[in-house]
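Quick look at upload.cif (mmCIF, C-alpha atoms):
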```cif
data_query
loop_
_atom_site.label_atom_id
_atom_site.label_comp_id
_atom_site.auth_asym_id
_atom_site.auth_seq_id
_atom_site.Cartn_x
_atom_site.Cartn_y
_atom_site.Cartn_z
CA MET A 20 -10.19 -0.31 16.18
CA ARG A 21 -12.01 2.49 14.38
CA THR A 22 -10.47 3.77 11.17
CA GLU A 23 -10.19 7.31 12.59
CA ASP A 24 -8.21 5.95 15.54
CA LEU A 25 -5.99 3.95 13.23
CA ILE A 26 -5.24 7.06 11.14
CA ALA A 27 -4.48 9.09 14.27
CA ASP A 28 -2.22 6.32 15.53
CA LEU A 29 -0.31 5.97 12.25
CA ALA A 30 0.00 9.74 11.79
CA GLY A 31 1.24 10.11 15.36
CA ARG A 32 4.02 7.62 14.76
CA VAL A 33 5.10 8.68 11.28
CA THR A 34 8.83 9.17 10.87
CA PRO A 35 10.78 10.54 7.90
CA VAL A 36 11.61 7.89 5.31
CA ARG A 37 13.91 8.05 2.33
CA PRO A 38 12.23 6.78 -0.85
CA LEU A 39 13.81 3.59 -2.12
CA PRO A 40 16.18 3.89 -5.07
CA PRO A 41 14.82 2.58 -8.40
CA PRO A 42 14.82 -1.23 -8.88
CA GLY A 43 17.64 -1.01 -11.44
CA ARG A 44 20.01 0.58 -8.95
CA ARG A 45 19.03 -1.87 -6.22
CA ALA A 46 19.50 -4.76 -8.63
CA ALA A 47 23.01 -3.47 -9.38
CA ALA A 48 23.75 -3.44 -5.63
CA TRP A 49 22.64 -7.06 -5.36
CA LEU A 50 24.71 -8.04 -8.41
CA VAL A 51 27.80 -6.69 -6.66
CA ILE A 52 27.07 -8.98 -3.70
CA ALA A 53 26.37 -11.89 -6.04
CA ILE A 54 29.58 -11.34 -8.01
CA VAL A 55 31.64 -11.27 -4.80
CA VAL A 56 30.02 -14.52 -3.61
CA ALA A 57 30.44 -16.09 -7.05
CA ALA A 58 34.12 -15.11 -7.17
CA ALA A 59 34.63 -16.56 -3.69
CA GLY A 60 32.85 -19.76 -4.73
CA ILE A 61 34.93 -20.19 -7.87
CA ALA A 62 38.10 -19.45 -5.91
CA TYR A 63 37.16 -22.07 -3.32
CA PHE A 64 35.96 -24.82 -5.70
CA GLY A 65 38.45 -24.00 -8.46
CA ALA A 66 37.50 -23.44 -12.10
CA ARG A 67 37.57 -26.43 -14.44
CA ARG A 68 40.85 -26.70 -16.32
CA ASP A 69 39.38 -26.51 -19.81
CA LEU A 70 37.10 -23.57 -19.00
CA TRP A 71 38.35 -21.32 -21.82
CA THR A 72 37.97 -24.11 -24.36
CA ARG A 73 34.48 -24.94 -23.16
CA LEU A 74 33.46 -21.30 -23.30
CA THR A 75 34.06 -21.38 -27.04
CA GLN A 76 31.61 -24.30 -27.41
CA LEU A 77 28.03 -23.35 -28.06
CA ASP A 78 26.25 -25.81 -25.73
CA TYR A 79 28.33 -24.77 -22.70
CA LEU A 80 28.16 -21.07 -23.51
CA TRP A 81 24.40 -21.18 -24.16
CA THR A 82 23.70 -22.78 -20.77
CA ALA A 83 25.93 -20.23 -19.06
CA VAL A 84 24.18 -17.36 -20.83
CA LEU A 85 20.78 -18.71 -19.80
CA ALA A 86 21.90 -18.95 -16.16
CA VAL A 87 23.19 -15.37 -16.21
CA ALA A 88 20.07 -14.09 -17.99
CA THR A 89 17.76 -15.90 -15.59
CA SER A 90 19.63 -14.53 -12.60
CA ALA A 91 19.71 -10.94 -13.90
CA LEU A 92 16.06 -10.94 -14.94
CA ALA A 93 14.92 -12.66 -11.76
CA VAL A 94 16.65 -10.14 -9.51
CA PHE A 95 15.15 -7.28 -11.49
CA ALA A 96 11.72 -8.95 -11.37
CA THR A 97 12.04 -9.41 -7.61
CA LEU A 98 12.80 -5.76 -7.03
CA VAL A 99 10.18 -4.49 -9.48
CA LEU A 100 7.55 -6.74 -7.92
CA SER A 101 8.39 -5.37 -4.51
CA VAL A 102 7.27 -1.88 -5.54
CA PRO A 103 3.46 -1.58 -5.70
CA GLY A 104 2.11 -0.50 -9.07
CA ALA A 105 5.41 -0.56 -10.97
CA GLU A 106 4.49 -0.37 -14.64
CA GLN A 107 6.81 -2.98 -16.09
CA THR A 108 5.90 -5.66 -13.52
CA THR A 109 4.04 -8.03 -15.83
CA ARG A 110 6.51 -7.69 -18.70
CA VAL A 111 9.55 -8.43 -16.51
CA GLN A 112 7.70 -11.25 -14.79
CA ARG A 113 6.80 -12.92 -18.09
CA LEU A 114 10.25 -12.45 -19.59
CA THR A 115 11.88 -14.08 -16.56
CA VAL A 116 9.53 -17.05 -16.75
CA VAL A 117 10.19 -17.39 -20.49
CA VAL A 118 13.99 -17.39 -20.05
CA LEU A 119 13.79 -19.87 -17.18
CA SER A 120 11.56 -22.08 -19.33
CA ILE A 121 14.06 -21.93 -22.21
CA TRP A 122 16.79 -22.95 -19.78
CA ALA A 123 14.64 -25.83 -18.52
CA ALA A 124 13.81 -26.91 -22.07
CA THR A 125 17.50 -26.79 -23.02
CA MET A 126 18.45 -29.01 -20.08
CA VAL A 127 15.64 -31.49 -20.71
CA TRP A 128 16.42 -31.60 -24.41
CA ALA A 129 20.10 -32.31 -23.67
CA VAL A 130 19.11 -35.23 -21.42
CA LEU A 131 16.73 -36.63 -24.06
CA GLU A 132 19.32 -36.21 -26.78
CA ALA A 133 21.94 -38.07 -24.76
CA GLY A 134 19.41 -40.89 -24.36
CA ARG A 135 20.80 -42.20 -21.08
CA GLY A 136 18.21 -40.83 -18.67
CA LEU A 137 19.04 -39.27 -15.35
CA PRO A 138 22.01 -40.78 -13.49
CA PHE A 139 20.43 -40.81 -10.03
CA THR A 140 22.53 -43.72 -8.82
CA THR A 141 25.27 -44.06 -11.41
CA ASP A 142 26.72 -40.57 -11.01
CA ARG A 143 28.06 -40.02 -7.52
CA HIS A 144 29.17 -36.46 -8.21
CA TRP A 145 25.79 -34.82 -8.80
CA PRO A 146 24.87 -34.56 -5.10
CA VAL A 147 28.14 -32.68 -4.59
CA CYS A 148 27.23 -30.14 -7.26
CA PHE A 149 23.66 -29.95 -5.93
CA THR A 150 24.96 -29.15 -2.46
CA ARG A 151 27.37 -26.56 -3.85
CA VAL A 152 24.57 -24.76 -5.66
CA VAL A 153 22.56 -24.66 -2.44
CA LEU A 154 25.51 -23.40 -0.40
CA VAL A 155 26.55 -20.69 -2.87
CA SER A 156 22.99 -19.42 -3.17
CA ILE A 157 22.42 -18.91 0.56
CA VAL A 158 24.02 -15.48 1.04
CA PRO A 159 22.68 -13.90 -2.18
CA ALA A 160 19.23 -15.30 -1.43
CA ILE A 161 19.20 -13.85 2.07
CA ALA A 162 20.44 -10.50 0.72
CA LEU A 163 17.74 -10.39 -1.95
CA PHE A 164 14.97 -11.44 0.42
CA ALA A 165 16.10 -8.66 2.77
CA MET A 166 16.07 -6.11 -0.06
CA ALA A 167 12.61 -7.19 -1.19
CA ARG A 168 11.29 -7.19 2.36
CA ARG A 169 12.55 -3.64 2.86
CA ALA A 170 10.18 -2.60 0.07
CA ALA A 171 6.57 -3.78 -0.04
CA PRO A 172 6.01 -6.90 -2.12
CA LEU A 173 2.30 -7.50 -2.59
CA SER A 174 2.65 -10.77 -4.46
CA LEU A 175 4.68 -12.75 -1.96
CA GLY A 176 4.81 -16.05 -3.86
CA TRP A 177 6.12 -14.62 -7.13
CA THR A 178 8.55 -12.29 -5.40
CA ALA A 179 9.97 -15.11 -3.30
CA ALA A 180 10.19 -17.44 -6.30
CA PHE A 181 12.11 -14.86 -8.32
CA ALA A 182 14.41 -13.95 -5.43
CA ALA A 183 15.31 -17.58 -4.83
CA SER A 184 15.71 -18.24 -8.57
CA ALA A 185 18.03 -15.26 -8.98
CA ALA A 186 20.34 -16.52 -6.25
CA ALA A 187 20.17 -20.15 -7.37
CA SER A 188 20.81 -19.35 -11.05
CA MET A 189 23.91 -17.42 -10.11
CA ALA A 190 25.03 -20.34 -7.94
CA ALA A 191 24.35 -22.77 -10.80
CA LEU A 192 26.66 -20.72 -13.01
CA VAL A 193 29.40 -20.87 -10.37
CA VAL A 194 29.07 -24.64 -10.19
CA GLN A 195 29.02 -24.93 -13.97
CA ILE A 196 32.32 -23.05 -14.09
CA ALA A 197 33.82 -25.29 -11.41
CA CYS A 198 32.41 -28.69 -12.38
CA PRO A 199 34.54 -30.79 -14.78
CA VAL A 200 31.76 -33.28 -15.60
CA ASP A 201 30.29 -32.96 -19.10
CA ASN A 202 27.16 -35.03 -18.89
CA ALA A 203 23.64 -33.81 -19.60
CA GLY A 204 22.06 -35.90 -16.84
CA HIS A 205 24.62 -34.67 -14.33
CA ALA A 206 24.08 -31.05 -15.39
CA PHE A 207 20.33 -31.49 -14.98
CA LEU A 208 20.46 -33.11 -11.54
CA GLY A 209 23.45 -31.29 -10.11
CA HIS A 210 23.22 -27.84 -11.68
CA PHE A 211 19.66 -27.15 -12.82
CA ALA A 212 17.44 -29.19 -10.48
CA PRO A 213 18.66 -27.26 -7.40
CA VAL A 214 17.50 -24.04 -9.05
CA LEU A 215 13.96 -25.43 -9.17
CA VAL A 216 14.22 -26.83 -5.66
CA ILE A 217 15.52 -23.54 -4.25
CA ALA A 218 12.79 -21.61 -6.09
CA GLY A 219 10.24 -23.93 -4.47
CA LEU A 220 11.81 -23.40 -1.06
CA GLY A 221 11.65 -19.67 -1.69
CA VAL A 222 7.93 -19.89 -2.35
CA ALA A 223 7.51 -21.96 0.81
CA ALA A 224 9.31 -19.23 2.77
CA ARG A 225 7.35 -16.38 1.15
CA ARG A 226 5.84 -15.22 4.44
CA VAL A 227 9.30 -14.00 5.39
CA LEU A 228 8.71 -11.15 2.93
CA ALA A 229 5.60 -9.97 4.75
CA ARG A 230 6.25 -7.01 6.97
CA ARG A 231 4.20 -6.47 10.06
CA ALA A 232 2.76 -3.15 11.15
CA VAL A 233 2.33 -2.73 14.86
CA VAL A 234 -0.62 -0.62 15.89
CA ARG A 235 -1.05 0.08 19.57
CA GLY A 236 0.55 -3.15 20.56
CA VAL A 237 -1.47 -5.20 18.10
CA SER A 238 0.60 -6.62 15.26
CA ARG A 239 -1.09 -7.24 11.95
CA GLY A 240 0.35 -9.11 9.00
CA MET A 241 0.91 -7.14 5.80
CA MET G 12 -9.29 9.25 -7.94
CA THR G 13 -9.43 12.44 -9.98
CA ALA G 14 -6.34 14.17 -11.38
CA GLN G 15 -6.67 16.89 -8.76
CA GLN G 16 -6.94 14.34 -5.95
CA GLU G 17 -3.90 12.56 -7.30
CA GLN G 18 -1.89 15.78 -7.31
CA GLU G 19 -3.00 16.50 -3.78
CA ALA G 20 -2.16 12.97 -2.65
CA THR G 21 1.30 13.21 -4.22
CA ALA G 22 1.99 16.49 -2.43
CA LEU G 23 0.77 15.07 0.89
CA MET G 24 2.79 11.88 0.48
CA ILE G 25 5.97 13.85 -0.18
CA ARG G 26 5.38 15.73 3.06
CA ALA G 27 4.50 12.47 4.87
CA GLN G 28 7.74 10.90 3.67
CA ALA G 29 9.51 13.87 5.27
CA GLY G 30 7.79 13.02 8.58
CA ASP G 31 4.90 15.52 8.54
CA GLY G 32 2.22 13.89 10.70
CA GLN G 33 -0.54 16.34 9.78
CA ALA G 34 -0.03 15.84 6.07
CA TYR G 35 0.05 12.11 6.67
CA ALA G 36 -3.23 12.18 8.60
CA ALA G 37 -4.82 14.25 5.82
CA LEU G 38 -3.51 11.81 3.21
CA LEU G 39 -4.74 8.72 5.06
CA THR G 40 -8.15 10.30 5.63
CA MET G 41 -8.44 11.10 1.94
CA LEU G 42 -7.25 7.64 0.92
CA SER G 43 -9.56 5.85 3.35
CA SER G 44 -12.51 7.61 1.77
CA THR G 45 -11.29 6.75 -1.74
CA ALA G 46 -10.63 3.17 -0.67
CA ARG G 47 -14.10 2.79 0.81
CA HIS G 48 -15.74 4.18 -2.31
CA TYR G 49 -13.64 1.96 -4.60
CA ALA G 50 -14.14 -1.19 -2.50
CA ARG G 51 -17.86 -0.57 -2.21
CA SER G 52 -18.20 -0.13 -5.98
CA ARG G 53 -16.57 -3.52 -6.51
CA LEU G 54 -17.71 -5.56 -3.54
CA GLY G 55 -21.04 -3.96 -2.72
CA GLU G 56 -22.13 -3.00 0.77
CA VAL G 57 -20.31 -5.75 2.64
CA ALA G 58 -19.78 -5.75 6.37
CA TRP G 59 -16.02 -5.89 6.10
CA LEU G 60 -15.35 -2.71 4.10
CA ASP G 61 -13.64 -1.36 7.19
CA ASP G 62 -11.26 -4.32 7.16
CA VAL G 63 -10.28 -3.52 3.57
CA MET G 64 -9.72 0.13 4.43
CA GLN G 65 -7.69 -0.58 7.54
CA GLU G 66 -5.52 -3.22 5.89
CA THR G 67 -4.91 -0.79 3.02
CA LEU G 68 -3.90 1.99 5.40
CA LEU G 69 -1.55 -0.32 7.30
CA THR G 70 0.09 -1.43 4.06
CA ILE G 71 0.45 2.17 2.90
CA HIS G 72 2.17 2.88 6.20
CA SER G 73 4.66 0.02 5.77
CA ALA G 74 5.15 0.72 2.08
CA ARG G 75 5.39 4.50 2.10
CA ARG G 76 9.10 4.43 1.36
CA THR G 77 8.40 2.59 -1.90
CA TYR G 78 6.46 5.50 -3.34
CA ASP G 79 8.65 7.39 -5.81
CA PRO G 80 7.52 11.05 -6.02
CA GLN G 81 8.59 11.09 -9.68
CA ARG G 82 5.92 8.54 -10.53
CA PRO G 83 2.14 8.84 -10.53
CA PHE G 84 0.48 8.16 -7.19
CA ALA G 85 -2.69 6.41 -8.36
CA PRO G 86 -1.10 3.15 -9.70
CA TRP G 87 0.86 2.78 -6.46
CA PHE G 88 -2.21 3.33 -4.31
CA TYR G 89 -4.61 1.16 -6.35
CA ALA G 90 -2.09 -1.70 -6.52
CA ILE G 91 -2.03 -1.75 -2.72
CA LEU G 92 -5.79 -1.36 -2.42
CA SER G 93 -6.55 -4.13 -4.93
CA SER G 94 -4.11 -6.48 -3.29
CA ARG G 95 -5.59 -5.89 0.17
CA MET G 96 -9.12 -6.25 -1.19
CA ILE G 97 -8.23 -9.66 -2.58
CA ASP G 98 -6.57 -10.67 0.68
CA VAL G 99 -9.57 -9.65 2.79
CA LEU G 100 -11.94 -11.31 0.33
CA ARG G 101 -9.99 -14.58 0.59
CA LYS G 102 -9.93 -14.30 4.36
CA GLN G 103 -13.69 -13.78 4.45
CA LYS G 104 -14.21 -16.81 2.22
CA ARG G 105 -12.07 -18.90 4.56
CA VAL G 106 -14.03 -17.65 7.57
CA ARG G 107 -17.36 -18.34 5.85
CA ALA G 108 -16.21 -21.84 5.00
CA ARG G 109 -15.38 -22.54 8.65
CA GLU G 110 -17.86 -20.45 10.59
CA PHE G 111 -21.60 -20.19 10.78
CA ALA G 112 -22.65 -16.54 10.75
CA THR G 113 -26.29 -15.62 10.99
CA ASP G 114 -28.42 -12.56 11.60
CA THR G 115 -30.21 -14.41 14.37
CA LEU G 116 -27.83 -14.95 17.21
CA PRO G 117 -28.00 -18.40 18.76
CA GLU G 118 -29.20 -18.35 22.31
CA PRO G 119 -26.73 -19.50 24.91
CA ALA G 120 -27.90 -22.14 27.32
CA SER G 121 -28.09 -19.64 30.17
CA ALA G 122 -30.27 -17.22 28.22
CA SER G 123 -32.63 -19.79 26.74
CA THR G 124 -34.06 -20.60 30.11
CA GLY G 125 -36.05 -18.26 32.27
CA ALA G 126 -34.47 -16.34 35.09
CA HIS G 127 -35.74 -18.71 37.76
CA GLU G 128 -34.79 -21.83 35.84
CA ALA G 129 -31.39 -20.38 35.17
CA SER G 130 -30.82 -19.69 38.79
CA ASP G 131 -31.87 -23.25 39.54
CA ALA G 132 -29.66 -24.84 36.94
CA LEU G 133 -26.64 -22.66 37.07
CA ASP G 134 -25.59 -20.64 39.96
CA ALA G 135 -24.22 -17.17 39.31
CA ARG G 136 -20.76 -18.07 40.44
CA ARG G 137 -20.42 -20.84 37.87
CA LEU G 138 -21.64 -18.56 35.12
CA LYS G 139 -19.19 -15.87 36.19
CA ALA G 140 -16.36 -18.39 36.29
CA ALA G 141 -17.25 -19.62 32.82
CA LEU G 142 -17.39 -16.06 31.51
CA ASP G 143 -14.04 -15.31 33.11
CA ALA G 144 -12.55 -18.29 31.30
CA LEU G 145 -13.37 -16.75 27.92
CA PRO G 146 -10.80 -14.64 26.05
CA ASP G 147 -11.15 -10.92 26.85
CA ARG G 148 -12.73 -9.89 23.57
CA GLN G 149 -15.24 -12.79 23.55
CA ARG G 150 -16.20 -12.12 27.14
CA GLU G 151 -16.77 -8.45 26.45
CA ILE G 152 -18.95 -9.22 23.42
CA VAL G 153 -21.02 -11.91 25.16
CA ARG G 154 -21.52 -9.69 28.16
CA ALA G 155 -22.53 -6.70 26.02
CA LEU G 156 -24.95 -8.66 23.84
CA LYS G 157 -26.56 -10.95 26.37
CA LEU G 158 -26.16 -9.38 29.79
CA GLU G 159 -26.29 -5.71 28.86
CA ASP G 160 -28.67 -6.24 25.93
CA GLN G 161 -26.70 -4.05 23.51
CA SER G 162 -27.18 -4.37 19.76
CA VAL G 163 -24.61 -5.91 17.44
CA LYS G 164 -24.32 -2.57 15.68
CA ASP G 165 -23.52 -0.72 18.91
CA VAL G 166 -21.00 -3.32 20.02
CA SER G 167 -19.28 -3.36 16.64
CA ALA G 168 -19.04 0.45 16.62
CA ARG G 169 -17.69 0.54 20.17
CA LEU G 170 -15.08 -2.15 19.61
CA GLY G 171 -14.11 -1.04 16.10
CA MET G 172 -15.06 -4.42 14.63
CA SER G 173 -17.31 -5.25 11.72
CA PRO G 174 -20.80 -6.54 12.69
CA SER G 175 -20.05 -9.94 11.18
CA ALA G 176 -16.83 -10.19 13.20
CA VAL G 177 -18.86 -9.42 16.35
CA LYS G 178 -21.36 -12.16 15.46
CA VAL G 179 -18.62 -14.67 14.81
CA ALA G 180 -16.89 -13.81 18.10
CA ALA G 181 -20.24 -14.03 19.94
CA HIS G 182 -20.99 -17.39 18.37
CA ARG G 183 -17.62 -18.72 19.44
CA GLY G 184 -18.19 -17.33 22.93
CA TYR G 185 -21.57 -19.08 23.22
CA ARG G 186 -20.07 -22.36 22.10
CA ALA G 187 -17.27 -22.03 24.63
CA LEU G 188 -19.78 -21.16 27.36
CA ARG G 189 -21.93 -24.17 26.51
CA ARG G 190 -18.90 -26.39 26.67
CA LEU G 191 -17.69 -24.92 29.94
CA LEU G 192 -21.08 -25.03 31.62
CA GLY G 193 -22.08 -28.33 30.09
CA ASP G 194 -18.96 -30.04 31.40
CA LYS G 195 -19.73 -28.90 34.89
CA GLU G 196 -23.42 -29.71 34.91
CA PRO G 197 -24.37 -32.72 37.01
#
```

Rewrite the coordinates I just gave you, this time as structure tokens.
Amino acid sequence: MRTEDLIADLAGRVTPVRPLPPPGRRAAAWLVIAIVVAAAGIAYFGARRDLWTRLTQLDYLWTAVLAVATSALAVFATLVLSVPGAEQTTRVQRLTVVVLSIWAATMVWAVLEAGRGLPFTTDRHWPVCFTRVVLVSIVPAIALFAMARRAAPLSLGWTAAFAASAAASMAALVVQIACPVDNAGHAFLGHFAPVLVIAGLGVAARRVLARRAVVRGVSRGM
Amino acid sequence: MTAQQEQEATALMIRAQAGDGQAYAALLTMLSSTARHYARSRLGEVAWLDDVMQETLLTIHSARRTYDPQRPFAPWFYAILSSRMIDVLRKQKRVRAREFATDTLPEPASASTGAHEASDALDARRLKAALDALPDRQREIVRALKLEDQSVKDVSARLGMSPSAVKVAAHRGYRALRRLLGDKEP
């Protein structure tokens, strides 16, 4: 197709569009969805009995803060990345990676400090927590992928990784609130590892974010 | 893009977002020219500049709701253009790694022999059947280049394809023809 024909075709089919709200406002909309899902998850699984006591302890609180920070930054990064040319893209991207890395380092350090390795076979509860993280993250992940897809992400891999991480981090927090097990290896395998796995799955599914433009019956990937 | 062009593009995009087709056509025409100039300055005179331009225009079309009129137009536009340039560049590298493109088109079996020999070896019906078995675009290109003796440049202009894409399609068509005719030869 000649470029002149393409322009005529696109101009002939142009319809009014409403500019997307800023990423901050869209992130707030997603956080509402995430909070509703998180509340439902906690209500279903039940919060651990000593939650208020644990929240006063630094190790527990620090991990929870990192999960919240990762989720909030990742959702913002997702929505910023989905707008071409947004100025703060690189800064938000780096900050999210840094916070996620601190979370990872904290979890690894806790396992090393405990000195008992990872309880792959000895702890039968970690697959339950792992599954719960996956289940709780499904709806927020779908919502965030849909929001990102509605915009125009140019960097599909990063956008998908952040979207999946945002949902998974929030789900990890829900499971941390519900899970009564205080064991570094369990927390790593059951609460943190699924965040990495879901982020990887998000990257694998990145093509979902690509919109397709149909020009005279010929669809072309974006 | 100069400051004046950017102002003009912003004004046109605001009207395009409101559904004004004329403003949108004017904007896309202006941007295609800017995109071509920008891509050429970075990639040189490559055969697939049109691909970069068209992919950029298609992305602008899908992404037009993401442009915020309160923000400058140029970063939004160049982010899309750079991204599409990289995509097309990667695609071309993949194609080059897989395909053999050359300025000298390989001769198909039917054309490498003289008219009399060809009529001896292959009867017209078999050739027609083999041509008919090709995908539409390949058949059209093979027919134009070898039966109608058109130039690659003319065919690429007529079909809206880059010359290298025409050569690649022709090469695939010749290979398919050889296979089809070769299988049937006694």

May I ask which of the residues G:Pro83, G:Gln161, G:Thr45, G:Gly32 is the closest one to G:Gln18, counting all atoms listed in the file?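 Ranked by minimum distance to G:Gln18, first place goes to G:Pro83.
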
Output as a PyMOL selection string the set of chain G residues within 8 Å of chain A, with distances taken over all atoms listed in the file. chain G and resi 27-33+35-36+39-40+61+64-66+68-70+72-79+86-91+94+168+170-172

How many Å lie between atom CA of G:Ser52 and atom CA of G:Thr21, rounded to one decimal?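 Taking atom CA of G:Ser52 as the start and atom CA of G:Thr21 as the end point, the length is 23.7 Å.
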
Quick one: pull the distance between atom CA of G:Ala141 and atom CA of G:Gly193, Å, one decimal.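 A separation of 10.3 Å between them.
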
Just the number, please: distance in Å from atom CA of G:Gln81 to atom CA of G:Arg47, one decimal.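 Atom CA of G:Arg47 lies 26.3 Å from atom CA of G:Gln81.
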
Given the point (23.4, -28.0, -2.9) in the coordinates of this file, which residues lie within 10 Å, counting all atoms listed in the file, and how would they look as a ChimeraX atom specification? /A:145-157,187,190-191,194,209-210,212-214,216-217

Output for the residues just chosen: C-alpha atoms as a PDB file, in the coordinates of the input:
```
ATOM      1  CA  TRP A 145      25.790 -34.820  -8.800  1.00  0.00           C
ATOM      2  CA  PRO A 146      24.870 -34.560  -5.100  1.00  0.00           C
ATOM      3  CA  VAL A 147      28.140 -32.680  -4.590  1.00  0.00           C
ATOM      4  CA  CYS A 148      27.230 -30.140  -7.260  1.00  0.00           C
ATOM      5  CA  PHE A 149      23.660 -29.950  -5.930  1.00  0.00           C
ATOM      6  CA  THR A 150      24.960 -29.150  -2.460  1.00  0.00           C
ATOM      7  CA  ARG A 151      27.370 -26.560  -3.850  1.00  0.00           C
ATOM      8  CA  VAL A 152      24.570 -24.760  -5.660  1.00  0.00           C
ATOM      9  CA  VAL A 153      22.560 -24.660  -2.440  1.00  0.00           C
ATOM     10  CA  LEU A 154      25.510 -23.400  -0.400  1.00  0.00           C
ATOM     11  CA  VAL A 155      26.550 -20.690  -2.870  1.00  0.00           C
ATOM     12  CA  SER A 156      22.990 -19.420  -3.170  1.00  0.00           C
ATOM     13  CA  ILE A 157      22.420 -18.910   0.560  1.00  0.00           C
ATOM     14  CA  ALA A 187      20.170 -20.150  -7.370  1.00  0.00           C
ATOM     15  CA  ALA A 190      25.030 -20.340  -7.940  1.00  0.00           C
ATOM     16  CA  ALA A 191      24.350 -22.770 -10.800  1.00  0.00           C
ATOM     17  CA  VAL A 194      29.070 -24.640 -10.190  1.00  0.00           C
ATOM     18  CA  GLY A 209      23.450 -31.290 -10.110  1.00  0.00           C
ATOM     19  CA  HIS A 210      23.220 -27.840 -11.680  1.00  0.00           C
ATOM     20  CA  ALA A 212      17.440 -29.190 -10.480  1.00  0.00           C
ATOM     21  CA  PRO A 213      18.660 -27.260  -7.400  1.00  0.00           C
ATOM     22  CA  VAL A 214      17.500 -24.040  -9.050  1.00  0.00           C
ATOM     23  CA  VAL A 216      14.220 -26.830  -5.660  1.00  0.00           C
ATOM     24  CA  ILE A 217      15.520 -23.540  -4.250  1.00  0.00           C
TER      25      ILE A 217
END
```

Taking only C-alpha atoms into account, name the residue in G:Ile25, G:Val63, G:Leu188, G:Val177 that is nearest to G:Met96.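 So, comparing all the options, the nearest one is G:Val63.
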
Translate the PyMOL selection byres ((chain A and resi 137) around 9) into a concrete residue list for this structure, as a list in words.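 Answer for the PyMOL selection byres ((chain A and resi 137) around 9): Val130, Arg135, Gly136, Pro138, Phe139, Thr140, Thr141, Asp142, Ala203, Gly204, His205, Phe207 and Leu208 of chain A.
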
Take the PyMOL selection byres ((chain A and resi 184) around 12), run it mentally on this structure, and tell me the resulting residues as number ranges by chain. A: 86-97, 115-116, 118-119, 152-153, 156-157, 159-160, 163-164, 177-183, 185-191, 211-222

Using all atoms listed in the file, which of the listed residues (A:Arg226, A:Thr125, A:Val193, A:Gly176) sits closest to A:Ala62?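 Nearest candidate to A:Ala62 out of A:Arg226, A:Thr125, A:Val193, A:Gly176: A:Val193.
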
Using all atoms listed in the file, which protein or nucleic acid residues come within 12 Å of A:Val117? Drop anything in the same chain fewer than 3 positions from it, and give the result as a ChimeraX atom specification. /A:85,88-89,92-93,110-114,120-124

Could you dump the residues just selected with C-alpha atoms as a PDB file, keeping the file's coordinate frame?
```pdb
ATOM      1  CA  LEU A  85      20.780 -18.710 -19.800  1.00  0.00           C
ATOM      2  CA  ALA A  88      20.070 -14.090 -17.990  1.00  0.00           C
ATOM      3  CA  THR A  89      17.760 -15.900 -15.590  1.00  0.00           C
ATOM      4  CA  LEU A  92      16.060 -10.940 -14.940  1.00  0.00           C
ATOM      5  CA  ALA A  93      14.920 -12.660 -11.760  1.00  0.00           C
ATOM      6  CA  ARG A 110       6.510  -7.690 -18.700  1.00  0.00           C
ATOM      7  CA  VAL A 111       9.550  -8.430 -16.510  1.00  0.00           C
ATOM      8  CA  GLN A 112       7.700 -11.250 -14.790  1.00  0.00           C
ATOM      9  CA  ARG A 113       6.800 -12.920 -18.090  1.00  0.00           C
ATOM     10  CA  LEU A 114      10.250 -12.450 -19.590  1.00  0.00           C
ATOM     11  CA  SER A 120      11.560 -22.080 -19.330  1.00  0.00           C
ATOM     12  CA  ILE A 121      14.060 -21.930 -22.210  1.00  0.00           C
ATOM     13  CA  TRP A 122      16.790 -22.950 -19.780  1.00  0.00           C
ATOM     14  CA  ALA A 123      14.640 -25.830 -18.520  1.00  0.00           C
ATOM     15  CA  ALA A 124      13.810 -26.910 -22.070  1.00  0.00           C
TER      16      ALA A 124
END
```
